[in-house]
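A short worksheet on the structure shown next.
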Number of protein chains: 2
Amino acid sequence: MPRKKTKSPETGTATAAAALDERDQRTLERIAGLADHVITAARAGRDPYLDIPSRTLSNVHYNRKKRFIEMGNARNRRNLFNLAQAKSYMQTMLVASGCKRLIEQGKTTSIRGLFYLLKHTIEGTREETFASQEECDPVIEDVEVTLNALREELHVYASNRGAMVGEITLRDSGDEIDCTRMGSGGYSIPSIVEPSVIQFVKCNAEFILHVEKDTVWRRFNEDKFWRKHKCILTHGMGQPPRGVRRLLHRMHHELGLPVYCLLDNDPWGYYIYSVIKQGSINLAYESQRMAIPDARFLGLRSFDFERCGLSESVIIHLTDTDRKRAKQIMEYPWFAHKKAWQEEIKKLLDNGFKLEVEALISKDISYVTEVYAPQRLRDRDWLD
Amino acid sequence: MPRKKTKSPETGTATAAAALDERDQRTLERIAGLADHVITAARAGRDPYLDIPSRTLSNVHYNRKKRFIEMGNARNRRNLFNLAQAKSYMQTMLVASGCKRLIEQGKTTSIRGLFYLLKHTIEGTREETFASQEECDPVIEDVEVTLNALREELHVYASNRGAMVGEITLRDSGDEIDCTRMGSGGYSIPSIVEPSVIQFVKCNAEFILHVEKDTVWRRFNEDKFWRKHKCILTHGMGQPPRGVRRLLHRMHHELGLPVYCLLDNDPWGYYIYSVIKQGSINLAYESQRMAIPDARFLGLRSFDFERCGLSESVIIHLTDTDRKRAKQIMEYPWFAHKKAWQEEIKKLLDNGFKLEVEALISKDISYVTEVYAPQRLRDRDWLD
């Protein structure tokens with residue numbers, strides 16, 4: 001039975017209060033469904049098993065209509081009465097029961113926390129439930145994909161990375177956060193940004209500018225770009241973590257805000273854009289709630305070196321790995337048929353060098369906020 | 001001449017407005033002093049030089065009275081008219097002039113940004129001012145130590161890491177930040193937290209609890225520990241960056257708040273505590289404004305395994321590196337004479353294992369916030 005929690009908005013314990021919300025109830029039902037299956041099988045004298053969607057590369061494909069990476073229907077059966085599968089069957093059920101406990105208590109924890117919560121010596125044996133975190137992590141993903149529930153819905157969070165400022169006010173765990181008044185540090189984007197935790201209160205923004213690095217974000221924030229251009233400014237400290245991607249997705253879909261990405265002109269920048277736009281192979285089962293197929297790539301572009309009149313001093317020569325990665329990305333199905341992207345990546349390879357967004361500082365400290373981004377936005381000059 | 005900036009608190013461009021504040025003026029004067037020295041030398045027909053405090057291990061020592069690591073008086077002379085030193089002389093002056101430009105414009109940048117700002121081909125040569133970031137970074141430190149100015153005072157920032165919630169309201173770049181109303185994400189602690197950017201408005205907190213990891217911080221925040229115990233809750237995402245250390249220092253000294261550290265029971269946890277308390281060898285010249293000699297170590301302690309009745313399942317065996325580091329830390333002058341610390345570290349070595357704060361989750365998800373920390377605080381049970 002869920003531990004009874006009283007809703008107390010004034011004390012701000014919204015996460016606890018949310019223990020009984022609709023989404024949590026649905027997740028609990030799904031977990032209960034897993035357990036029911038064991039009982040049914042046992043009563044019928046059949047071996048209990050789990051059918052777990054396969055998270056291999058071969059079961060992932062690009063859906064041209066939805067325009068994101070999704071999982072196929074391949075499943076792997078995990079039997080309890082099979083020596084090779086019994087342990088992982090037990091681990092899967094254990095993770096599910098741990099998540100049930102978290103949801104019922106209205107609490108959340110990290111993957112590390114869940115590991116410690118579940119790690120113990122199995123009674124009457126010397127066997128540990130999990131030997132290491134590495135053994136636990138894929139099982140958490142198995143449970144996510146089997147229950148079709150986001151990790152965040154299972155009350156398990158990843159690291160907090162990324163920040164936000166701009167023309168939006170939201171409610172986070174009962175607290176109203178006015179992102180126009182967040183000073184130089186900004187609002188730290190949490191890992192769990194589901195509607196049970198975060199609600200949008202007011203939005204005057206017309207778009208979202210997502211930049212790769214906190215240092216670039218800081219330049220934009222210091223120059224109050226978001227006020228001048230009525231936008232929301234986010235960064236993901238490199239490859240954006242789940243919380244940032246999910247929040248971008250929610251703001252894009254629920255508030256109708258276009259998302260523009262300002263990333264380095266290198267294969268890593270392309271890849272970050274690709275993940276924001278089409279999802280990642282690894283988290284393909286979450287694309288539906290993460291991917292933003294209409295996200296736009298504002299730059300840096302390979303021809304910015306000439307266009308912006310940058311000096312040779314700021315170029316960084318491509319490594320062999322860069323070239324290899326660039327060629328791989330060129331062949332991604334969502335880039336392969338886009339002429340502009342083929343030209344973009346080909347030009348990178350022809351240039352033989354990459355450029356960081358910070359290279360624009362060589363023009364002027366605020367060139368990126370006062371010239372580069374405004375021009376591109378005004379001229380609708382981006383890649384799709 | 002400083003570019004004229006009008007103070008406009010309602011638009012929140014406080015950093016720009018701060019361009020002319022007292023601290024910036026003082027930093028500018030120090031930079032001008034460097035330049036004056038060149039002129040004086042030139043006029044007198046002498047070779048210009050810079051005397052740069054030596055940042056080697058041999059010039060660092062523990063000051064028993066002040067109880068932190070500080071730099072000695074050793075200096076290295078850098079001559080302009082010396083083939084081996086001319087380039088680094090030029091680089092030092094270049095970094096100083098770059099910082100002058102930033103301060104005058106009321107702008108800040110990252111070390112990466114400063115690198116791009118200054119990187120160019122020297123006129124009439126094929127020589128670059130800086131070949132790489134690695135060449136630029138130590139020069140930035142040279143300038144800091146020569147001018148006795150914090151990096152932040154030179155308008156150069158590090159990465160934003162770490163967050164804060166709790167019973168404090170501050171003003172950041174003109175925005176009032178009420179840290180009791182920061183939701184689940186918290187206030188992202190910026191890299192520059194000098195009084196020109198951040199002012200304390202109101203504080204109801206009685207102490208600061210600093211935890212190592214964001215995941216542990218989140219548990220404390222979710223359980224609203226800071227409300228129940230009237231405190232401020234911070235984390236530094238591992239080894240806390242300058243901004244976090246400096247903010248802890250300011251809150252400790254300006255608001256008289258004791259600082260308690262809750263870190264992993266391993267050599268890395270000890271080291272983090274050591275850096276917060278006594279400063280680091282690398283940044284010894286900043287100890288005065290960073291170190292908190294009265295910081296207290298709340299845990300985890302090596303005897304917590306028995307005391308808390310933890311299971312064998314949660315232990316992590318020490319590696320050879322762990323043992324080596326533990327022995328080194330035992331000999332740090334500020335630990336060497338403390339019986340309790342010698343016992344603590346000896347017990348770690350005897351145990352043969354380390355413990356993460358998250359291991360307490362095996363007792364109960366909220367054991368750390370509801371039992372562990374409150375008990376230790378109530379019993380004044382910590383290490384100094």
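The way I read the labels, and the way they are meant: chains A, B, ... in the order of the structure tokens, residue 1 as the first residue of every chain, and ligand 1 as the first ligand shown, with later ones counted on from there.
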
Could you superpose chain A on chain B by least squares over every Cα, matched in sequence order, and send it back as a compact mmCIF listing (two decimals) with C-alpha atoms, in the first residue's frame?
```txt
# COMPACT_ATOMS: atom_id res chain seq x y z
CA MET A 1 39.28 54.34 -20.71
CA PRO A 2 36.51 52.16 -19.32
CA ARG A 3 33.55 51.98 -21.64
CA LYS A 4 30.78 53.92 -19.95
CA LYS A 5 28.02 51.74 -18.53
CA THR A 6 24.89 52.94 -16.82
CA LYS A 7 23.68 51.07 -13.81
CA SER A 8 20.30 49.58 -14.58
CA PRO A 9 19.14 47.31 -11.78
CA GLU A 10 15.75 46.71 -13.37
CA THR A 11 17.31 45.23 -16.48
CA GLY A 12 19.60 43.16 -14.36
CA THR A 13 22.85 43.93 -16.20
CA ALA A 14 24.67 44.14 -12.94
CA THR A 15 27.89 42.64 -14.23
CA ALA A 16 28.21 45.42 -16.76
CA ALA A 17 27.18 47.95 -14.15
CA ALA A 18 29.84 46.57 -11.85
CA ALA A 19 32.52 47.50 -14.38
CA LEU A 20 33.39 50.56 -12.39
CA ASP A 21 33.08 49.18 -8.89
CA GLU A 22 35.82 49.51 -6.34
CA ARG A 23 37.18 46.02 -6.74
CA ASP A 24 37.42 46.33 -10.52
CA GLN A 25 39.14 49.69 -10.15
CA ARG A 26 41.68 48.12 -7.81
CA THR A 27 42.35 45.26 -10.21
CA LEU A 28 42.73 47.73 -13.09
CA GLU A 29 45.22 49.72 -11.06
CA ARG A 30 47.26 46.63 -10.43
CA ILE A 31 47.30 45.79 -14.12
CA ALA A 32 48.30 49.37 -14.90
CA GLY A 33 51.09 48.95 -12.36
CA LEU A 34 52.53 46.11 -14.44
CA ALA A 35 52.54 48.34 -17.51
CA ASP A 36 53.98 51.32 -15.62
CA HIS A 37 56.89 49.14 -14.65
CA VAL A 38 57.76 48.56 -18.32
CA ILE A 39 57.66 52.29 -19.02
CA THR A 40 59.78 53.15 -16.01
CA ALA A 41 62.34 50.52 -16.92
CA ALA A 42 62.46 51.66 -20.53
CA ARG A 43 62.90 55.31 -19.60
CA ALA A 44 65.71 54.42 -17.23
CA GLY A 45 67.34 52.33 -19.96
CA ARG A 46 66.93 49.13 -17.92
CA ASP A 47 65.58 45.80 -19.10
CA PRO A 48 61.91 45.32 -18.23
CA TYR A 49 61.16 42.26 -16.13
CA LEU A 50 58.38 40.69 -14.08
CA ASP A 51 58.81 39.04 -10.71
CA ILE A 52 56.36 36.20 -10.56
CA PRO A 53 55.69 34.39 -7.29
CA SER A 54 56.82 30.80 -7.67
CA ARG A 55 54.00 28.26 -7.75
CA THR A 56 56.19 25.24 -7.10
CA LEU A 57 55.66 22.77 -4.28
CA SER A 58 58.81 24.04 -2.56
CA ASN A 59 57.26 27.50 -2.27
CA VAL A 60 54.10 26.25 -0.58
CA HIS A 61 53.77 25.60 3.11
CA TYR A 62 51.19 25.08 5.80
CA ASN A 63 50.75 28.11 8.01
CA ARG A 64 49.98 26.74 11.47
CA LYS A 65 48.66 30.01 12.75
CA LYS A 66 46.34 30.77 9.88
CA ARG A 67 45.68 27.05 9.55
CA PHE A 68 45.82 26.94 5.77
CA ILE A 69 48.26 26.29 2.95
CA GLU A 70 49.95 29.42 1.70
CA MET A 71 52.63 30.48 -0.69
CA GLY A 72 56.11 31.49 0.32
CA ASN A 73 57.98 34.53 -0.97
CA ALA A 74 60.06 32.89 -3.68
CA ARG A 75 59.83 34.66 -7.00
CA ASN A 76 61.01 33.95 -10.51
CA ARG A 77 62.20 36.81 -12.65
CA ARG A 78 60.96 36.92 -16.24
CA ASN A 79 63.03 39.23 -18.47
CA LEU A 80 61.90 40.73 -21.72
CA PHE A 81 65.43 40.77 -23.15
CA ASN A 82 66.19 37.14 -22.64
CA LEU A 83 65.53 34.76 -25.51
CA ALA A 84 64.35 32.01 -23.18
CA GLN A 85 61.93 34.31 -21.33
CA ALA A 86 60.79 36.87 -23.90
CA LYS A 87 57.83 34.81 -25.08
CA SER A 88 56.47 34.10 -21.65
CA TYR A 89 57.04 37.76 -20.73
CA MET A 90 54.95 38.75 -23.74
CA GLN A 91 52.27 36.17 -22.85
CA THR A 92 52.03 37.44 -19.29
CA MET A 93 51.56 41.02 -20.44
CA LEU A 94 49.09 39.85 -23.07
CA VAL A 95 46.93 38.02 -20.52
CA ALA A 96 47.03 41.06 -18.26
CA SER A 97 45.92 43.30 -21.13
CA GLY A 98 43.14 40.84 -22.04
CA CYS A 99 41.86 40.96 -18.46
CA LYS A 100 42.05 44.75 -18.54
CA ARG A 101 39.88 44.74 -21.64
CA LEU A 102 37.34 42.41 -19.99
CA ILE A 103 37.13 44.52 -16.86
CA GLU A 104 36.77 47.74 -18.81
CA GLN A 105 33.97 46.26 -20.89
CA GLY A 106 32.26 44.91 -17.80
CA LYS A 107 32.31 41.42 -19.31
CA THR A 108 33.55 38.05 -18.20
CA THR A 109 34.75 35.02 -20.10
CA SER A 110 36.05 31.51 -19.61
CA ILE A 111 39.71 30.55 -19.75
CA ARG A 112 38.86 29.15 -23.19
CA GLY A 113 37.38 32.50 -24.16
CA LEU A 114 40.41 34.42 -22.96
CA PHE A 115 42.63 32.08 -24.96
CA TYR A 116 40.70 32.83 -28.16
CA LEU A 117 40.60 36.52 -27.33
CA LEU A 118 44.39 36.64 -27.17
CA LYS A 119 45.43 34.05 -29.72
CA HIS A 120 46.78 35.61 -32.88
CA THR A 121 49.77 35.53 -35.19
CA ILE A 122 52.32 38.09 -34.08
CA GLU A 123 52.59 40.74 -36.77
CA GLY A 124 55.43 40.23 -39.22
CA THR A 125 56.10 36.70 -37.97
CA ARG A 126 54.58 33.25 -38.20
CA GLU A 127 54.64 32.96 -34.46
CA GLU A 128 51.39 32.42 -32.55
CA THR A 129 50.89 34.19 -29.22
CA PHE A 130 49.74 30.91 -27.70
CA ALA A 131 50.04 27.51 -29.29
CA SER A 132 47.42 25.90 -27.09
CA GLN A 133 45.15 26.28 -24.09
CA GLU A 134 47.74 24.40 -22.04
CA GLU A 135 50.21 27.17 -22.78
CA CYS A 136 47.74 29.86 -21.77
CA ASP A 137 46.41 28.40 -18.48
CA PRO A 138 49.60 28.67 -16.39
CA VAL A 139 50.08 32.23 -17.62
CA ILE A 140 46.60 33.11 -16.33
CA GLU A 141 47.67 31.68 -12.97
CA ASP A 142 50.89 33.70 -13.17
CA VAL A 143 48.89 36.87 -13.65
CA GLU A 144 46.54 36.00 -10.77
CA VAL A 145 49.38 35.45 -8.39
CA THR A 146 51.46 38.40 -9.61
CA LEU A 147 48.55 40.80 -9.25
CA ASN A 148 47.29 39.07 -6.12
CA ALA A 149 43.86 39.00 -7.76
CA LEU A 150 41.48 36.10 -7.85
CA ARG A 151 40.81 34.74 -11.32
CA GLU A 152 37.24 35.93 -10.82
CA GLU A 153 38.49 39.45 -10.17
CA LEU A 154 40.22 39.29 -13.53
CA HIS A 155 36.77 38.55 -15.02
CA VAL A 156 37.76 35.02 -15.98
CA TYR A 157 35.53 32.20 -14.84
CA ALA A 158 35.74 28.47 -14.51
CA SER A 159 32.99 25.96 -15.19
CA ASN A 160 29.69 26.24 -13.29
CA ARG A 161 29.29 23.22 -11.09
CA GLY A 162 27.45 22.80 -7.84
CA ALA A 163 24.08 23.92 -6.57
CA MET A 164 22.51 25.42 -3.48
CA VAL A 165 19.17 25.51 -1.69
CA GLY A 166 18.14 26.54 1.79
CA GLU A 167 17.44 29.33 4.19
CA ILE A 168 19.19 32.15 2.40
CA THR A 169 18.19 34.88 0.01
CA LEU A 170 20.83 36.47 -2.13
CA ARG A 171 21.09 38.97 -4.92
CA ASP A 172 22.85 37.72 -8.03
CA SER A 173 23.47 40.30 -10.75
CA GLY A 174 20.53 42.29 -9.45
CA ASP A 175 18.08 39.38 -9.23
CA GLU A 176 16.83 38.32 -5.84
CA ILE A 177 17.25 34.59 -5.40
CA ASP A 178 15.25 33.01 -2.57
CA CYS A 179 16.98 29.68 -2.04
CA THR A 180 14.00 28.29 -0.14
CA ARG A 181 12.03 28.39 -3.37
CA MET A 182 14.33 26.80 -5.88
CA GLY A 183 12.41 23.61 -6.55
CA SER A 184 14.20 20.34 -7.13
CA GLY A 185 17.01 21.77 -9.25
CA GLY A 186 18.28 24.43 -6.91
CA TYR A 187 20.30 27.55 -7.58
CA SER A 188 23.21 26.82 -9.85
CA ILE A 189 26.28 28.29 -8.14
CA PRO A 190 28.12 30.47 -10.63
CA SER A 191 31.87 30.60 -10.97
CA ILE A 192 32.09 34.26 -10.04
CA VAL A 193 30.55 34.90 -6.62
CA GLU A 194 32.44 38.03 -5.63
CA PRO A 195 30.48 40.74 -3.78
CA SER A 196 30.18 42.75 -7.00
CA VAL A 197 28.01 39.94 -8.40
CA ILE A 198 26.49 38.27 -5.33
CA GLN A 199 25.23 40.00 -2.20
CA PHE A 200 23.58 38.31 0.75
CA VAL A 201 20.10 39.72 1.40
CA LYS A 202 18.68 37.57 4.17
CA CYS A 203 19.83 34.48 6.00
CA ASN A 204 17.82 32.33 8.39
CA ALA A 205 20.26 29.47 8.23
CA GLU A 206 22.24 28.32 11.23
CA PHE A 207 24.79 26.27 9.34
CA ILE A 208 25.84 24.97 5.94
CA LEU A 209 25.76 21.31 5.03
CA HIS A 210 28.06 20.66 2.10
CA VAL A 211 27.73 17.25 0.44
CA GLU A 212 30.00 15.74 -2.15
CA LYS A 213 27.59 14.67 -4.83
CA ASP A 214 24.53 16.09 -6.53
CA THR A 215 22.73 12.79 -6.06
CA VAL A 216 23.13 12.95 -2.27
CA TRP A 217 22.25 16.64 -2.34
CA ARG A 218 19.04 15.77 -4.10
CA ARG A 219 18.03 13.33 -1.34
CA PHE A 220 18.55 16.10 1.24
CA ASN A 221 16.66 18.61 -0.86
CA GLU A 222 13.78 16.24 -1.55
CA ASP A 223 13.44 15.57 2.17
CA LYS A 224 13.57 19.34 2.79
CA PHE A 225 16.36 18.79 5.30
CA TRP A 226 17.33 22.46 5.04
CA ARG A 227 13.89 23.56 6.23
CA LYS A 228 13.74 21.15 9.15
CA HIS A 229 17.26 21.98 10.29
CA LYS A 230 17.41 25.64 9.22
CA CYS A 231 20.43 25.32 7.01
CA ILE A 232 21.89 25.84 3.58
CA LEU A 233 22.58 22.83 1.44
CA THR A 234 25.35 22.84 -1.17
CA HIS A 235 27.17 20.36 -3.36
CA GLY A 236 30.20 20.70 -5.58
CA MET A 237 29.79 17.76 -7.96
CA GLY A 238 32.82 16.04 -6.43
CA GLN A 239 35.82 18.27 -5.81
CA PRO A 240 34.08 21.65 -5.49
CA PRO A 241 35.05 24.23 -8.12
CA ARG A 242 36.34 27.68 -7.20
CA GLY A 243 32.89 29.30 -7.21
CA VAL A 244 31.52 26.85 -4.66
CA ARG A 245 34.58 27.09 -2.41
CA ARG A 246 34.56 30.85 -2.56
CA LEU A 247 30.82 31.04 -1.81
CA LEU A 248 31.22 28.67 1.16
CA HIS A 249 34.08 30.86 2.36
CA ARG A 250 32.01 34.01 2.06
CA MET A 251 28.97 32.54 3.80
CA HIS A 252 31.17 31.13 6.55
CA HIS A 253 33.02 34.39 7.21
CA GLU A 254 30.43 37.01 6.37
CA LEU A 255 27.39 35.25 7.81
CA GLY A 256 29.16 33.33 10.56
CA LEU A 257 27.81 29.97 9.43
CA PRO A 258 29.64 26.79 10.41
CA VAL A 259 30.36 24.47 7.49
CA TYR A 260 29.78 20.72 7.82
CA CYS A 261 30.99 18.38 5.11
CA LEU A 262 29.34 15.07 4.32
CA LEU A 263 31.66 13.13 2.05
CA ASP A 264 32.47 9.60 1.07
CA ASN A 265 34.56 7.50 3.43
CA ASP A 266 37.53 7.21 1.11
CA PRO A 267 40.79 9.08 0.39
CA TRP A 268 39.02 11.23 -2.17
CA GLY A 269 36.46 12.31 0.42
CA TYR A 270 39.27 13.15 2.86
CA TYR A 271 41.01 15.12 0.15
CA ILE A 272 37.90 17.14 -0.71
CA TYR A 273 37.57 18.01 2.97
CA SER A 274 41.25 18.92 3.12
CA VAL A 275 40.92 21.29 0.17
CA ILE A 276 37.81 22.98 1.58
CA LYS A 277 39.53 23.35 4.95
CA GLN A 278 43.18 24.11 4.21
CA GLY A 279 43.25 24.95 0.53
CA SER A 280 45.06 23.14 -2.24
CA ILE A 281 48.71 23.21 -3.17
CA ASN A 282 47.83 24.23 -6.70
CA LEU A 283 45.73 27.21 -5.66
CA ALA A 284 47.73 28.02 -2.52
CA TYR A 285 47.76 31.70 -3.44
CA GLU A 286 44.01 31.75 -3.10
CA SER A 287 43.79 30.02 0.29
CA GLN A 288 43.22 33.31 2.04
CA ARG A 289 39.97 33.72 0.16
CA MET A 290 39.03 30.08 -0.20
CA ALA A 291 40.12 28.00 2.77
CA ILE A 292 37.80 27.42 5.73
CA PRO A 293 40.02 26.15 8.56
CA ASP A 294 37.01 25.66 10.82
CA ALA A 295 35.14 23.41 8.39
CA ARG A 296 34.02 20.16 10.02
CA PHE A 297 33.94 16.64 8.72
CA LEU A 298 30.56 15.13 9.56
CA GLY A 299 31.23 11.80 7.84
CA LEU A 300 31.19 9.20 6.57
CA ARG A 301 33.57 7.85 9.19
CA SER A 302 35.44 4.58 9.01
CA PHE A 303 33.66 3.23 12.07
CA ASP A 304 30.24 3.98 10.59
CA PHE A 305 30.23 0.51 9.10
CA GLU A 306 29.84 -0.95 12.59
CA ARG A 307 28.05 2.00 14.14
CA CYS A 308 25.32 2.10 11.51
CA GLY A 309 25.17 -1.68 11.21
CA LEU A 310 25.83 -1.73 7.49
CA SER A 311 25.94 -4.96 5.54
CA GLU A 312 29.00 -6.41 3.85
CA SER A 313 27.18 -5.95 0.57
CA VAL A 314 27.83 -2.22 0.45
CA ILE A 315 31.58 -2.19 1.03
CA ILE A 316 34.05 -1.40 -1.74
CA HIS A 317 37.53 -2.83 -1.31
CA LEU A 318 40.41 -0.38 -1.21
CA THR A 319 42.73 -0.37 -4.20
CA ASP A 320 46.49 0.03 -3.94
CA THR A 321 46.07 3.63 -5.06
CA ASP A 322 43.53 4.19 -2.26
CA ARG A 323 45.98 2.87 0.32
CA LYS A 324 48.79 5.00 -1.02
CA ARG A 325 46.63 8.12 -1.08
CA ALA A 326 45.31 7.44 2.42
CA LYS A 327 48.85 7.21 3.76
CA GLN A 328 49.85 10.43 2.02
CA ILE A 329 46.84 12.25 3.47
CA MET A 330 47.65 10.89 6.93
CA GLU A 331 50.95 12.77 6.69
CA TYR A 332 49.49 16.11 5.65
CA PRO A 333 50.68 18.55 8.34
CA TRP A 334 47.09 19.46 9.28
CA PHE A 335 46.14 15.83 9.81
CA ALA A 336 49.46 14.56 11.17
CA HIS A 337 48.99 16.01 14.65
CA LYS A 338 45.33 15.20 15.02
CA LYS A 339 44.77 11.97 16.89
CA ALA A 340 41.19 11.61 15.72
CA TRP A 341 42.21 11.93 12.07
CA GLN A 342 45.04 9.48 12.47
CA GLU A 343 42.59 6.98 13.94
CA GLU A 344 40.04 7.70 11.24
CA ILE A 345 42.46 7.02 8.40
CA LYS A 346 44.11 4.10 10.17
CA LYS A 347 40.69 2.53 10.63
CA LEU A 348 39.99 2.96 6.91
CA LEU A 349 43.20 1.09 6.15
CA ASP A 350 42.40 -1.59 8.75
CA ASN A 351 38.89 -1.99 7.36
CA GLY A 352 40.37 -2.53 3.93
CA PHE A 353 37.26 -1.02 2.38
CA LYS A 354 35.66 2.33 1.63
CA LEU A 355 32.06 3.46 1.83
CA GLU A 356 30.05 5.88 -0.25
CA VAL A 357 27.44 8.09 1.38
CA GLU A 358 24.88 6.36 -0.85
CA ALA A 359 25.66 3.10 0.98
CA LEU A 360 23.45 4.41 3.80
CA ILE A 361 20.50 3.94 1.46
CA SER A 362 20.75 0.23 2.21
CA LYS A 363 19.40 1.12 5.68
CA ASP A 364 16.61 3.28 4.34
CA ILE A 365 16.26 5.74 1.48
CA SER A 366 16.14 8.64 3.94
CA TYR A 367 18.42 7.20 6.64
CA VAL A 368 21.08 9.78 5.81
CA THR A 369 18.71 12.74 6.16
CA GLU A 370 16.52 11.45 8.99
CA VAL A 371 18.99 9.59 11.19
CA TYR A 372 22.63 9.92 10.19
CA ALA A 373 23.08 13.66 9.76
CA PRO A 374 20.68 14.78 12.54
CA GLN A 375 22.33 12.44 15.09
CA ARG A 376 25.84 13.59 14.24
CA LEU A 377 24.81 17.24 14.42
CA ARG A 378 22.91 16.79 17.68
CA ASP A 379 25.78 14.90 19.32
CA ARG A 380 28.35 17.34 17.92
CA ASP A 381 29.97 14.24 16.54
CA TRP A 382 32.38 15.31 13.84
CA LEU A 383 36.06 15.57 13.05
CA ASP A 384 37.83 18.92 12.95
```

Would you return as a PyMOL selection string the members of range 175-337 of chain B that DSSP assigns to strand (DSSP E) on this structure's backbone?
chain B and resi 175-178+187-188+198-203+207-211+231-235+259-262+296-299+316-317

Residues just named, written with N, CA and C atoms as a compact mmCIF listing (two decimals), in the first residue's frame:
```txt
# COMPACT_ATOMS: atom_id res chain seq x y z
N ASP B 175 19.30 40.20 -9.48
CA ASP B 175 18.11 39.38 -9.26
C ASP B 175 18.11 38.82 -7.84
N GLU B 176 16.95 38.90 -7.20
CA GLU B 176 16.86 38.34 -5.86
C GLU B 176 16.56 36.84 -5.95
N ILE B 177 17.41 36.05 -5.35
CA ILE B 177 17.28 34.60 -5.41
C ILE B 177 16.94 34.09 -4.01
N ASP B 178 15.72 33.60 -3.86
CA ASP B 178 15.29 33.03 -2.59
C ASP B 178 15.56 31.53 -2.63
N TYR B 187 19.60 26.42 -6.99
CA TYR B 187 20.30 27.55 -7.59
C TYR B 187 21.67 27.06 -8.03
N SER B 188 21.95 27.25 -9.30
CA SER B 188 23.21 26.81 -9.85
C SER B 188 24.31 27.81 -9.45
N ILE B 198 27.44 38.90 -6.30
CA ILE B 198 26.53 38.27 -5.34
C ILE B 198 26.57 38.96 -3.99
N GLN B 199 25.39 39.43 -3.56
CA GLN B 199 25.26 40.01 -2.23
C GLN B 199 24.27 39.17 -1.42
N PHE B 200 24.54 39.05 -0.13
CA PHE B 200 23.62 38.33 0.74
C PHE B 200 22.52 39.28 1.22
N VAL B 201 21.28 38.87 1.05
CA VAL B 201 20.15 39.74 1.40
C VAL B 201 19.58 39.35 2.76
N LYS B 202 19.36 38.06 2.94
CA LYS B 202 18.73 37.60 4.17
C LYS B 202 19.20 36.17 4.43
N CYS B 203 19.43 35.85 5.68
CA CYS B 203 19.87 34.49 5.99
C CYS B 203 19.23 34.01 7.28
N PHE B 207 23.58 26.93 9.78
CA PHE B 207 24.81 26.27 9.34
C PHE B 207 24.70 25.91 7.87
N ILE B 208 25.81 25.44 7.33
CA ILE B 208 25.85 24.97 5.94
C ILE B 208 26.19 23.49 5.95
N LEU B 209 25.41 22.72 5.23
CA LEU B 209 25.78 21.31 5.02
C LEU B 209 26.25 21.18 3.58
N HIS B 210 27.52 20.84 3.43
CA HIS B 210 28.06 20.66 2.09
C HIS B 210 28.24 19.17 1.83
N VAL B 211 27.59 18.68 0.79
CA VAL B 211 27.74 17.27 0.45
C VAL B 211 28.53 17.13 -0.85
N CYS B 231 19.09 25.28 7.53
CA CYS B 231 20.45 25.33 7.01
C CYS B 231 20.48 25.63 5.52
N ILE B 232 21.68 25.69 5.01
CA ILE B 232 21.91 25.84 3.57
C ILE B 232 22.56 24.55 3.10
N LEU B 233 22.15 24.11 1.95
CA LEU B 233 22.60 22.83 1.43
C LEU B 233 23.34 23.07 0.12
N THR B 234 24.59 22.65 0.06
CA THR B 234 25.37 22.85 -1.17
C THR B 234 26.01 21.53 -1.61
N HIS B 235 26.32 21.46 -2.90
CA HIS B 235 27.19 20.37 -3.36
C HIS B 235 28.13 20.93 -4.40
N VAL B 259 30.48 25.30 8.69
CA VAL B 259 30.38 24.46 7.48
C VAL B 259 30.64 23.00 7.86
N TYR B 260 29.65 22.15 7.58
CA TYR B 260 29.80 20.72 7.82
C TYR B 260 29.88 20.00 6.48
N CYS B 261 30.82 19.08 6.37
CA CYS B 261 31.00 18.37 5.11
C CYS B 261 30.60 16.91 5.25
N LEU B 262 29.76 16.48 4.34
CA LEU B 262 29.35 15.07 4.32
C LEU B 262 29.88 14.45 3.03
N ARG B 296 34.11 21.42 9.26
CA ARG B 296 34.04 20.18 10.03
C ARG B 296 33.65 19.00 9.15
N PHE B 297 34.20 17.86 9.50
CA PHE B 297 33.95 16.63 8.74
C PHE B 297 32.89 15.81 9.46
N LEU B 298 31.69 15.79 8.91
CA LEU B 298 30.57 15.13 9.58
C LEU B 298 30.56 13.62 9.28
N GLY B 299 31.18 13.24 8.22
CA GLY B 299 31.22 11.82 7.85
C GLY B 299 31.38 11.69 6.36
N ILE B 316 33.24 -1.37 -0.52
CA ILE B 316 34.05 -1.39 -1.75
C ILE B 316 35.50 -1.54 -1.31
N HIS B 317 36.16 -2.57 -1.79
CA HIS B 317 37.51 -2.83 -1.32
C HIS B 317 38.48 -1.73 -1.77
```
